[in-house]
Every structure is written in structure tokens, then in C-alpha cells.
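Student: Okay, handing you the structure first.
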Amino acid sequence: MGFATIAELRRLAAVACSGLALSQLAQAQEAASDKTATVSGLEEIVVTATKRETNLQDTPIAISVMNAEALEDRHVQSLLDLADGSVPSLRIATFEARQSALTIGVRGIVPLDANQPAREQGVGVYIDGVYLGRQHGLNAALLDIERIEVLKGPQGTLFGRNTEGGALNLITKAPIGEFGMRVNAGVGNFDGRNVDMHLDLPKAGNVAVKIDGIMQQQGATTKDPLPGSTGWDYFDRSGLRAALRWDASDKFTFDYSYDNGTDKNTPFYSQLLNYNPLGLVVGPASGALPSGQIRPLPGIVKVEGEERMDTADIGVPQQPSVDRTDGHMVRMAWRPFDSSLELRSITSSRTVDVEQWDNSGGAHRVPAFASNGNFSRYSLADLKQDQVSQEFQAVGTAGKVDYVAGLYYFKETAEDDAATPSTNRWNVDGTAYTINDLTNTLPGRRSIDRASIAHAESYALYGQGTINMRNDRLHLTLGGRYTTDKKDGSLYIVNNAPTNLAFATDDSHFDPMVTLAWTANENVNLYGKFSTGYRSGGASSRSLTYRSFGPEEVDALEIGIKTELFDHNVRLNAALYQMNRTGSQIDFSLVTPQPNGSTRNTLETINAPGTTDIHGVELEATWRATDFLTFSGGYAYTFTDVPPTLNPFTNVVQPVFIVFTPKNAANVALDYATPMKKLMFKVHVDANYADAQQTFDQTPVTNDKSFLVNARFSFADLKLNRGGAMSRSEEHTSELQSHLNLVCRLLLEK
């Protein structure tokens with residue numbers, strides 16, 4: 001496993017903590033731990049899904065929340081780590097094999113290819129209230145997250161466009177104005193290493209500052225036999241965040257934050273699990289291939305369907321992709337009169353810069369052999385995006401009415417280009433291969449398949465009010481958002497030739513919301529909700545026509561119940577929903593050979609006729625069995641049905657599928673914590689199951705069902721002779737990239 005020695009861990013911590021002494025945090029941590037251990041009932045969970053802080057159980061929205069402790073227990077370092085099934089209705093996957101762009105879905109709203117400049121996500125991702133406009137960069141290292149709120153179902157009224165499936169609301173830990181420092185360091189297999197540091201500085205006047213830094217590294221899990229090339233599933237992430245809070249008075253607060261991240265990574269290995277599963281006739285290795293036949297499999301290609309290949313059978317040129325993100329945010333809050341009204345301003349600018357080098361499969365993708373033919377498609381792409389946003393909010397209470405009103409503005413420019421040269425070449429009989437001249441992979445010398453630029457501008461006005469009636473037991477919420485979306489773009493290179501293709505759209509949309517909630521008693525809340533959402537239209541830069549497509553829209557009905565029983569020791573929440581999606585944005589692709597020996601994936605997107613049916617049920621439960629033992633679990637059933645749609649390439653009406661959406665998904669977890677004489681012993685175990693699910697939207701191909709177990713054993717808050725506290729933990733994960741981590745945490749405070 002290659003664990004570091006204790007001396008090495010101490011040296012690593014010493015570097016991160018240079019010049020700072022341990023002090024008296026242990027006593028405070030011990031007192032806090034003792035207090036937590038003896039509290040009766042489950043802790044209250046605070047969420048901000050309605051733009052104000054509310055109790056989760058009193059908020060009539062289906063929400064799952066993962067706090068900092070839950071993220072640590074599951075060793076969540078980036079959003080991709082939530083693909084383990086921690087929230088059954090939340091599905092996260094990479095686009096194709098690459099780690100540069102994440103596909104995020106909730107309740108069957110899962111766009112497969114939204115990583116183009118004029119394509120949009122169906123689930124909005126927000127950090128501290130700021131919308132992240134591109135799928136690229138979403139896998140950056142997470143920097144001291146306080147909690148992640150998963151809002152399920154359309155959130156069009158308060159969160160706006162591109163939230164038809166829901167929203168991920170990430171909230172970071174704010175400066176506290178007291179000196180404190182936390183350092184975590186860990187090592188694992190595959191040369192895994194991680195260090196993160198979080199420093200709170202004491203207030204200078206009314207100003208508090210917090211600095212977060214992080215480094216995460218993992219070696220390749222599948223080695224590349226070509227000398228000088230990087231293996232697959234490698235990453236090297238780093239990030240920095242600085243936050244400042246100025247409490248100018250008891251009525252005015254000013255927050256500023258800056259963050260940047262760098263993510264160097266290689267794609268997952270596209271391993272060949274089987275060959276010719278349909279039993280087709282194996283044709284010749286050269287010449288024309290008769291209909292219904294396939295090429296032979298080269299003798300040196302290994303088919304392994306049971307185990308992950310430690311070393312690939314074919315060496316290919318591969319270097320890390322590089323994703324860079326950075327952003328500025330200014331948030332001002334003013335309470336001009338009293339606590340019943342708060343005026344807010346949230347201003348942000350962000351950029352994403354991606355250099356993609358994706359040679360994920362060698363001869364395994366696609367395993368078609370041609371004598372003296374080229375193979376191994378190197379997907380090279382650059383993407384740059386700049387966005388600015390401005391939001392004004394008024395949040396307050398007037399008598400029996402809680403209200404939110406706001407103005408929102410968003411503008412972005414995104415551009416990309418792509419090339420797909422083949423890096424390898426077979427010999428005559430497929431018993432060996434050579435590497436092609438790589439000068440055509442360098443920037444400025446590539447044969448560009450496509451290049452495009454797109455602009456988007458969005459304006460919105462929204463409002464929502466909750467009338468509290470019948471002694472605050474009946475609550476009627478009415479809301480609406482009016483949005484104007486303008487988008488235009490040009491596809492200026494196709495197949496390495498200049499073109500003059502353009503599109504422009506100008507759409508307006510109104511998203512209403514009505515919720516009726518009833519507080520049956522202090523432990524039972526019921527609600528019924530109607531809401532809508534939409535995903536903006538655009539154009540596909542993989543198209544040869546660059547024709548535009550319109551927005552897709554979702555109408556949703558939901559009923560839910562939230563309960564806390566047995567003296568608040570059992571929490572049970574359930575939701576039943578029906579969603580009808582119209583104008584579904586459906587992708588159709590056609591792979592064609594190119595004169596340079598590579599292939600081109602042409603993709604056309606159309607708005608499908610008819611209505612896509614999505615419905616399901618979600619359950620979440622938590623049981624505090626004793627002061628030290630807690631059980632939890634969740635379940636999601638999701639049914640999807642897309643009407644058969646006309647394929648523009650074949651003119652044939654064919655079935656269409658929604659990807660990455662298992663019909664049944666569930667998890668269970670156990671958390672145990674008991675105080676000992678000088679430390680706290682903690683255990684976390686969770687198990688996660690998902691049915692087989694579609695991996696392609698045009699063919700009935702599914703992956704295998706999955707079962708994943710995470711475990712973490714910790715000795716926490718260990719007293720040190722010089723003061724302070726240290727935690728040691730071991731983690732086990734039963735996935736292909738399983739890690740056995742030894743985590744050393746130092747908690748410091750002056």
C-alpha cells in the first residue's frame with residue numbers, strides 16, 4: 001500500500017504548519033464532542049434553498065443535505081466523488097472517459113453532451129449563490145465546504161434557467177474572525193497524497209480573513225506501456241481560496257472571495273469488456289466490409305471483462321489535460337430598518353480554461369482492425385469561458401408573509417475547438433503497431449474538426465411569497481420568474497476549412513410555482529407543489545449545419561411529507577413526483593471516417609415531439625438509535641420514457657433513452673462514535689446500490705448494476721501533551737479506484 005511513515009507525516013505537517021505552535025484547541029474540541037454525544041435527538045439541519053435560512057424539516061422542497069462531516073466520511077474531494085450514490089437521485093458521471101467535464105443529473109434530467117459552448121446543463125451548480133455556467137471545471141478540488149444542498153425537481157422560480165432537474169447548492173465555510181488552523185494530510189495506494197490547510201486569522205478591526213489551500217494527487221490506476229506517456233485515471237489538483245468578511249456595522253456586511261484551481265488529469269481507461277457479443281460474422285481485415293460483418297480483433301488486443309487492467313495492452317501517447325478555474329465574488333448585505341428586511345447584492349466574475357488531451361482507449365475504442373490502418377483517436381480540444389453575473393435580492397417578512405424578490409443578470413462568452421488525429425498505426429497482420437508522427441497534435445498544427453464561439457445573455461425578474469395562516473400551520477407559497485434569454489454563436493471552422501455558419505435565439509420564459517404546506521403538528525409537515533423549469537436552447541458545435549434548437553421545458557407535480565418521530569430521534573422524509581418534459585433536446589450522432597485516417601463524430605440536436613414522462617418516489621430516513629449510534633438510508637425510484645424520435649441521419653423513427661438514471665438506487669449508512677479516556681473513536685460505513693443504467697442515448701446498452709461500500713475508522717480529538725488535538729483515520733472503498741487512506745489531522749488554535 002505504500003503508507004508514509006509517522007516521521008514523514010510529521011515532516012509533511014511541519015511544512016504546512018511552519019512557525020505555528022499547537023495550543024489549547026483540544027479542550028474546546030473535547031467539550032464540543034462531549035456535548036454532541038449527550039444531545040437527545042437529531043441535530044437540526046439548516047438550508048438556504050428559499051434564499052433564507054430555514055429548518056430542513058420546515059422547508060416544503062425535496063432536499064438532501066451533506067454536511068462537512070458526511071463529506072469527510074465519504075472522502076469527497078471533488079464533485080465526482082458524489083457518484084458513489086450518496087444521494088440516490090443524484091447521478092454524476094464524466095463526459096465520455098474524460099475527467100475534464102462532469103455530467104450532473106437529478107430525477108432523470110441528464111444532458112449527455114452539454115460540454116459545448118452553446119449547450120446547457122439541466123441541473124444548476126451554485127457556489128455561495130454564484131451559478132457555474134459550464135460543465136468544464138466542475139471537478140475542481142472542493143475548498144472547505146460547509147454543506148452541499150441537493151435541491152430536487154424544477155427550481156426555475158428562485159434559481160432560474162437550466163435548473164429543470166434541480167440544483168446543487170454549495171456553501172463554503174465563512175471566516176469566523178478568531179485565530180485557528182486545520183491541516184489534514186493523507187496517503188493512499190496508487191501514490192495517492194492529499195494535503196489541505198485552512199487558516200482563520202483574528203479580526204483586524206471589523207475585518208476577518210480566511211485562507212484555504214488544497215493539493216490532491218493520485219497516480220495512474222492503469223499504466224500506459226508507451227515510455228514517456230502518462231497512464232489513465234491520474235490527477236493532480238490544487239486550489240486556493242481567500243475570503244474576507246467586513247462587518248462594517250450591525251446592519252451592513254461585506255464579503256469578498258477569490259478562488260482558483262488547477263486540475264491536471266488523464267481520462268479513465270476505456271477497457272474492452274467483450275468482443276462481438278452479437279455473434280456477427282468476422283470479415284476481412286482490409287478492403288470493403290460486407291454488411292453485417294465486423295473486422296477481426298488483433299491478436300495483441302486483450303479482452304478482460306472481469307478485472308481492471310493494471311497495464312494496458314496497447315501503448316498510446318497520453319499527457320494530462322489541464323483545467324484552470326478562477327473567480328471573484330462580492331456579496332453585500334444591508335438591513336436598513338430591522339431584521340425583517342435584508343437587501344443583498346451578489347456580484348461575480350469567473351473563467352474556465354481547458355486544454356484537453358484524451359487518448360482513452362488505444363485499440364479498445366473502437367476495436368476495429370484494418371491492415372496498415374490508423375487507430376487510437378486522440379481527442380484534443382481547448383475551451384475557454386468567461387462569465388459575469390449580478391443579482392439583487394430583497395428578503396424579508398411583512399406581517400404573515402415571508403417574501404423574496406430579485407433581479408438577475410448573467411452574461412458569458414465561451415469558445416472551443418477540437419481535433420482528433422490518430423496516434424497509432426497497425427502493421428499488416430495486427431501483431432504490432434507503430435506511433436505516428438505527433439507534430440499534428442501540437443497547437444497550431446492540428447487539423448481542426450470544428451471551432452466555434454457562443455455568447456449568452458440572460459435577464460430575470462423573480463418574486464416569491466409565503467402566506468402563513470391558521471396559527472402558522474397552513475402555508476401558501478406563490479412565486480414566479482420571468483426570464484429573457486438571448487444567445488448567438490458562429491461555427492467558423494468545419495473539417496479544417498473556414499465556414500460561415502451562425503445561429504441566434506431570443507426566448508422569453510415564465511416559471512410559476514405554487515406550494516401548499518400544512519404543519520399537522522410539530523413533528524409532521526406535508527406539502528403539495530407545482531413548479532416549472534427549463535433548459536435554454538442553443539446549437540451543437542459538432543453539427544455540420546449549426547442549426548439552432550429551442551429550450552426544453554418541465555412541468556412538475558410533487559407531494560411530500562417530512563416527519564420527526566420518537567422524541568426527534570427518527571427523521572423520515574418522502575416525496576412522490578410526476579414531471580412532463582416537452583421539447584426534449586435529443587442528440588443524434590454519426591461517426592464517419594476522415595481522409596486523415598481519423599473519424600468525425602457529427603452530432604445533430606433536435607427538439608423531440610411529444611412529452612417525455614418522468615416520475616418517481618424518494619425516501620430518506622435517519623434513526624438516532626443511541627447517543628452514539630445513528631443509522632441512515634435513502635431510496636430513489638425513477639421511471640423515464642422518451643417518445644420515439646426521428647433520426648435526422650437515417651430518417652428512421654427510433655427509441656431514445658435517458659442516460660445515467662437507474663430505475664432503483666438506494667443506500668444505507670451506520671455512524672458510531674464513543675468517547676474514550678483521551679480520544680473519540682468513530683466508525684462510518686455506507687453501502688450504495690444502483691440498477692444497471694443506460695450509458696448511451698441511442699442504443700439499448702446498459703452498464704452493470706453497482707454495489708459500492710465505503711468505510712472510515714477514526715481516532716479523533718486525541719489529547720497531545722502540548723495541547724491541540726489530532727485525528728487518525730483509515731478509509732476503505734470497494735470500487736476500482738479503491739483507496740486505503742491514512743489521514744492525519746492537526747487542529748490548531750492560538
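Residue names in the C-alpha cells use chain letters A, B, ... in the order shown, residue numbers from 1 in each chain, and ligand numbers from 1 in the order shown.
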Can you tell me which residues surround stretch 271-283 of chain A at a distance of at most 6 Å, considering only C-alpha atoms, apart from same-chain residues fewer than 4 positions away, and format the answer as a list of chain:residue names?

Tutor: A:Gln293, A:Ile294, A:Arg295, A:Pro296, A:Val303, A:Glu304, A:Gly305, A:His364

Student: I need the chosen residues saved as a PDB file, in the first residue's frame, with N, CA and C atoms.

Tutor:
```
ATOM      1  N   GLN A 293     -21.050  -7.592 -41.062  1.00  0.00           N
ATOM      2  CA  GLN A 293     -19.814  -8.196 -40.615  1.00  0.00           C
ATOM      3  C   GLN A 293     -18.989  -7.180 -39.824  1.00  0.00           C
ATOM      4  N   ILE A 294     -18.036  -7.690 -39.055  1.00  0.00           N
ATOM      5  CA  ILE A 294     -17.157  -6.825 -38.283  1.00  0.00           C
ATOM      6  C   ILE A 294     -15.712  -7.196 -38.583  1.00  0.00           C
ATOM      7  N   ARG A 295     -14.797  -6.289 -38.302  1.00  0.00           N
ATOM      8  CA  ARG A 295     -13.380  -6.538 -38.502  1.00  0.00           C
ATOM      9  C   ARG A 295     -12.866  -7.535 -37.457  1.00  0.00           C
ATOM     10  N   PRO A 296     -11.810  -8.249 -37.783  1.00  0.00           N
ATOM     11  CA  PRO A 296     -11.239  -9.173 -36.796  1.00  0.00           C
ATOM     12  C   PRO A 296     -10.551  -8.410 -35.672  1.00  0.00           C
ATOM     13  N   VAL A 303      -8.849  -8.926 -24.180  1.00  0.00           N
ATOM     14  CA  VAL A 303     -10.241  -8.730 -23.760  1.00  0.00           C
ATOM     15  C   VAL A 303     -10.350  -9.178 -22.310  1.00  0.00           C
ATOM     16  N   GLU A 304     -10.677  -8.245 -21.419  1.00  0.00           N
ATOM     17  CA  GLU A 304     -10.760  -8.530 -19.983  1.00  0.00           C
ATOM     18  C   GLU A 304     -12.061  -7.943 -19.454  1.00  0.00           C
ATOM     19  N   GLY A 305     -13.011  -8.819 -19.161  1.00  0.00           N
ATOM     20  CA  GLY A 305     -14.321  -8.353 -18.732  1.00  0.00           C
ATOM     21  C   GLY A 305     -14.595  -8.461 -17.260  1.00  0.00           C
ATOM     22  N   HIS A 364      -8.870  -0.309 -27.929  1.00  0.00           N
ATOM     23  CA  HIS A 364     -10.124  -0.769 -27.331  1.00  0.00           C
ATOM     24  C   HIS A 364     -11.306   0.112 -27.717  1.00  0.00           C
TER      25      HIS A 364
END
```

Student: What lies within 9 Å of A:Lys486 using only C-alpha atoms, ignoring chain neighbours under 5 positions off, as number ranges by chain?

Tutor: A: 455-459, 504-508

Student: Go ahead and dump the residues you just picked, C-alpha atoms, as a PDB file, in the first residue's frame.

Tutor:
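Output contents, as saved in again_33.pdb:
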```pdb
ATOM      1  CA  HIS A 455     -22.472  34.357 -26.449  1.00  0.00           C
ATOM      2  CA  ALA A 456     -25.305  34.207 -23.930  1.00  0.00           C
ATOM      3  CA  GLU A 457     -27.093  36.974 -22.072  1.00  0.00           C
ATOM      4  CA  SER A 458     -29.922  36.472 -19.619  1.00  0.00           C
ATOM      5  CA  TYR A 459     -32.126  38.855 -17.613  1.00  0.00           C
ATOM      6  CA  ALA A 504     -29.254  33.360 -32.907  1.00  0.00           C
ATOM      7  CA  THR A 505     -32.118  32.827 -30.473  1.00  0.00           C
ATOM      8  CA  ASP A 506     -34.181  35.224 -28.368  1.00  0.00           C
ATOM      9  CA  ASP A 507     -36.529  33.471 -25.947  1.00  0.00           C
ATOM     10  CA  SER A 508     -38.640  34.562 -23.001  1.00  0.00           C
TER      11      SER A 508
END
```

Student: Smallest atom-to-atom distance to A:Ile448: which of A:Ser379, A:Thr423, A:Asn436, A:Gln116, using only C-alpha atoms?

Tutor: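 Using only C-alpha atoms, A:Ile448 sits closest to A:Ser379.
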
Student: List the neighbours of stretch 528-542 of chain A out to 8 Å using only C-alpha atoms; skip same-chain residues closer than 4 positions along the sequence, and give me the result as an MDAnalysis selection string.

Tutor: chainID A and resid 116:122 154:157 160:165 450:452 485 487:488 491 503 505 511:517 546:560 601:605

Student: Convert the current residue selection to file output with N, CA and C atoms, as a compact mmCIF listing (two decimals), in the first residue's frame.

Tutor:
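Done, and the output landed in part.txt:
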```txt
# COMPACT_ATOMS: atom_id res chain seq x y z
N GLN A 116 -20.37 21.78 -24.71
CA GLN A 116 -20.10 22.63 -25.86
C GLN A 116 -20.48 24.07 -25.51
N PRO A 117 -19.94 25.05 -26.22
CA PRO A 117 -20.18 26.45 -25.85
C PRO A 117 -21.64 26.88 -25.88
N ALA A 118 -22.45 26.29 -26.77
CA ALA A 118 -23.85 26.72 -26.90
C ALA A 118 -24.82 25.69 -26.36
N ARG A 119 -24.34 24.77 -25.50
CA ARG A 119 -25.19 23.77 -24.88
C ARG A 119 -25.24 24.03 -23.38
N GLU A 120 -26.34 23.62 -22.73
CA GLU A 120 -26.54 23.95 -21.33
C GLU A 120 -26.76 22.70 -20.48
N GLN A 121 -26.53 22.86 -19.19
CA GLN A 121 -26.80 21.81 -18.22
C GLN A 121 -28.29 21.80 -17.88
N GLY A 122 -28.73 20.70 -17.29
CA GLY A 122 -30.12 20.60 -16.83
C GLY A 122 -30.24 20.72 -15.32
N PRO A 154 -37.73 20.88 -10.49
CA PRO A 154 -37.51 22.20 -11.09
C PRO A 154 -37.36 23.30 -10.06
N GLN A 155 -36.35 24.14 -10.25
CA GLN A 155 -36.09 25.27 -9.36
C GLN A 155 -36.12 26.57 -10.15
N GLY A 156 -37.00 26.64 -11.14
CA GLY A 156 -37.00 27.77 -12.05
C GLY A 156 -37.34 29.11 -11.42
N THR A 157 -38.12 29.12 -10.35
CA THR A 157 -38.56 30.39 -9.78
C THR A 157 -37.43 31.12 -9.06
N GLY A 160 -33.72 29.86 -11.51
CA GLY A 160 -33.70 30.29 -12.89
C GLY A 160 -33.43 29.21 -13.92
N ARG A 161 -32.89 29.66 -15.06
CA ARG A 161 -32.67 28.79 -16.21
C ARG A 161 -31.73 27.64 -15.89
N ASN A 162 -31.91 26.56 -16.64
CA ASN A 162 -31.03 25.39 -16.55
C ASN A 162 -31.06 24.70 -15.19
N THR A 163 -32.22 24.81 -14.51
CA THR A 163 -32.41 24.08 -13.25
C THR A 163 -33.68 23.25 -13.32
N GLU A 164 -33.98 22.69 -14.50
CA GLU A 164 -35.22 21.93 -14.66
C GLU A 164 -35.20 20.62 -13.88
N GLY A 165 -34.00 20.06 -13.64
CA GLY A 165 -33.92 18.85 -12.83
C GLY A 165 -33.67 19.13 -11.37
N ARG A 450 -13.55 21.17 -35.71
CA ARG A 450 -14.57 22.20 -35.51
C ARG A 450 -14.00 23.28 -34.62
N ALA A 451 -14.52 24.50 -34.77
CA ALA A 451 -14.20 25.61 -33.88
C ALA A 451 -15.40 26.53 -33.85
N SER A 452 -15.78 26.96 -32.65
CA SER A 452 -16.99 27.79 -32.52
C SER A 452 -16.85 28.75 -31.36
N ASP A 485 -33.84 35.27 -22.49
CA ASP A 485 -32.60 34.59 -22.86
C ASP A 485 -32.22 34.97 -24.29
N LYS A 487 -29.11 34.41 -27.12
CA LYS A 487 -27.92 33.61 -27.39
C LYS A 487 -27.60 33.67 -28.88
N ASP A 488 -26.34 33.75 -29.21
CA ASP A 488 -25.91 33.69 -30.60
C ASP A 488 -24.53 33.05 -30.66
N LEU A 491 -20.11 28.93 -35.95
CA LEU A 491 -19.26 27.78 -36.18
C LEU A 491 -18.36 28.15 -37.35
N PHE A 503 -25.99 31.07 -35.65
CA PHE A 503 -27.35 30.95 -35.13
C PHE A 503 -27.60 32.08 -34.15
N THR A 505 -30.82 33.07 -31.08
CA THR A 505 -32.12 32.83 -30.47
C THR A 505 -32.43 33.95 -29.49
N ASP A 511 -41.70 31.09 -15.30
CA ASP A 511 -41.73 29.89 -14.46
C ASP A 511 -42.52 30.19 -13.19
N PRO A 512 -43.76 29.67 -13.09
CA PRO A 512 -44.53 29.85 -11.86
C PRO A 512 -44.27 28.72 -10.87
N MET A 513 -44.66 28.95 -9.63
CA MET A 513 -44.55 27.94 -8.59
C MET A 513 -45.65 28.17 -7.56
N VAL A 514 -46.33 27.09 -7.18
CA VAL A 514 -47.37 27.14 -6.16
C VAL A 514 -47.13 25.98 -5.19
N THR A 515 -47.08 26.29 -3.90
CA THR A 515 -46.89 25.26 -2.88
C THR A 515 -47.90 25.47 -1.76
N LEU A 516 -48.56 24.41 -1.35
CA LEU A 516 -49.44 24.45 -0.19
C LEU A 516 -48.86 23.47 0.84
N ALA A 517 -48.48 24.01 2.01
CA ALA A 517 -47.87 23.19 3.05
C ALA A 517 -48.72 23.25 4.31
N TYR A 546 -25.06 23.59 -37.84
CA TYR A 546 -25.14 24.55 -36.73
C TYR A 546 -26.54 25.13 -36.60
N ARG A 547 -27.52 24.31 -36.91
CA ARG A 547 -28.90 24.78 -36.78
C ARG A 547 -29.27 24.86 -35.31
N SER A 548 -30.11 25.82 -35.00
CA SER A 548 -30.47 26.05 -33.60
C SER A 548 -31.58 25.11 -33.17
N PHE A 549 -31.68 24.91 -31.87
CA PHE A 549 -32.79 24.17 -31.28
C PHE A 549 -33.33 24.99 -30.12
N GLY A 550 -34.58 24.75 -29.79
CA GLY A 550 -35.24 25.55 -28.78
C GLY A 550 -35.07 25.00 -27.38
N PRO A 551 -35.59 25.72 -26.38
CA PRO A 551 -35.50 25.25 -24.99
C PRO A 551 -36.38 24.03 -24.75
N GLU A 552 -36.04 23.27 -23.74
CA GLU A 552 -36.94 22.21 -23.28
C GLU A 552 -37.51 22.64 -21.94
N GLU A 553 -38.76 22.23 -21.68
CA GLU A 553 -39.49 22.72 -20.52
C GLU A 553 -40.03 21.55 -19.71
N VAL A 554 -40.13 21.75 -18.40
CA VAL A 554 -40.61 20.73 -17.49
C VAL A 554 -41.70 21.31 -16.60
N ASP A 555 -42.82 20.61 -16.51
CA ASP A 555 -43.87 20.89 -15.52
C ASP A 555 -43.86 19.76 -14.51
N ALA A 556 -43.89 20.08 -13.22
CA ALA A 556 -43.76 19.05 -12.20
C ALA A 556 -44.81 19.21 -11.11
N LEU A 557 -45.38 18.08 -10.71
CA LEU A 557 -46.24 17.99 -9.53
C LEU A 557 -45.54 17.12 -8.50
N GLU A 558 -45.56 17.57 -7.24
CA GLU A 558 -44.86 16.83 -6.19
C GLU A 558 -45.67 16.91 -4.90
N ILE A 559 -45.77 15.79 -4.22
CA ILE A 559 -46.33 15.78 -2.87
C ILE A 559 -45.28 15.16 -1.95
N GLY A 560 -45.21 15.67 -0.74
CA GLY A 560 -44.18 15.19 0.15
C GLY A 560 -44.59 15.26 1.60
N ASN A 601 -17.15 12.64 -35.29
CA ASN A 601 -18.44 12.43 -34.67
C ASN A 601 -19.31 13.65 -34.93
N THR A 602 -20.23 13.51 -35.87
CA THR A 602 -21.16 14.59 -36.18
C THR A 602 -22.41 14.43 -35.33
N LEU A 603 -22.83 15.49 -34.69
CA LEU A 603 -23.95 15.41 -33.77
C LEU A 603 -24.97 16.50 -34.10
N GLU A 604 -26.21 16.07 -34.30
CA GLU A 604 -27.31 16.99 -34.53
C GLU A 604 -28.26 16.92 -33.33
N THR A 605 -28.73 18.06 -32.89
CA THR A 605 -29.65 18.13 -31.76
C THR A 605 -30.98 18.68 -32.24
```

Student: With only C-alpha atoms as the counted atoms, please give the residues lying no more than 10 Å from A:Leu244, apart from itself and same-chain residues fewer than 2 positions off, as a list of chain:residue names.

Tutor: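 My reading of the contact set: A:Ala174, A:Pro175, A:Ile176, A:Gly177, A:Val207, A:Ala208, A:Val209, A:Lys210, A:Ile211, A:Ala242, A:Trp246, A:Asp247, A:Phe254, A:Asp255, A:Tyr256, A:Ser257, A:Tyr258, A:Val330.
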
Student: Report, in Å with one decimal, the straight-line distance from atom CA of A:Asp437 to atom CA of A:Pro225.

Tutor: 18.1 Å

Student: Using only C-alpha atoms, which residues sit within 6 Å of A:Ala673 once same-chain residues fewer than 6 positions away are excluded, as a ChimeraX atom specification?

Tutor: /A:628,681-682
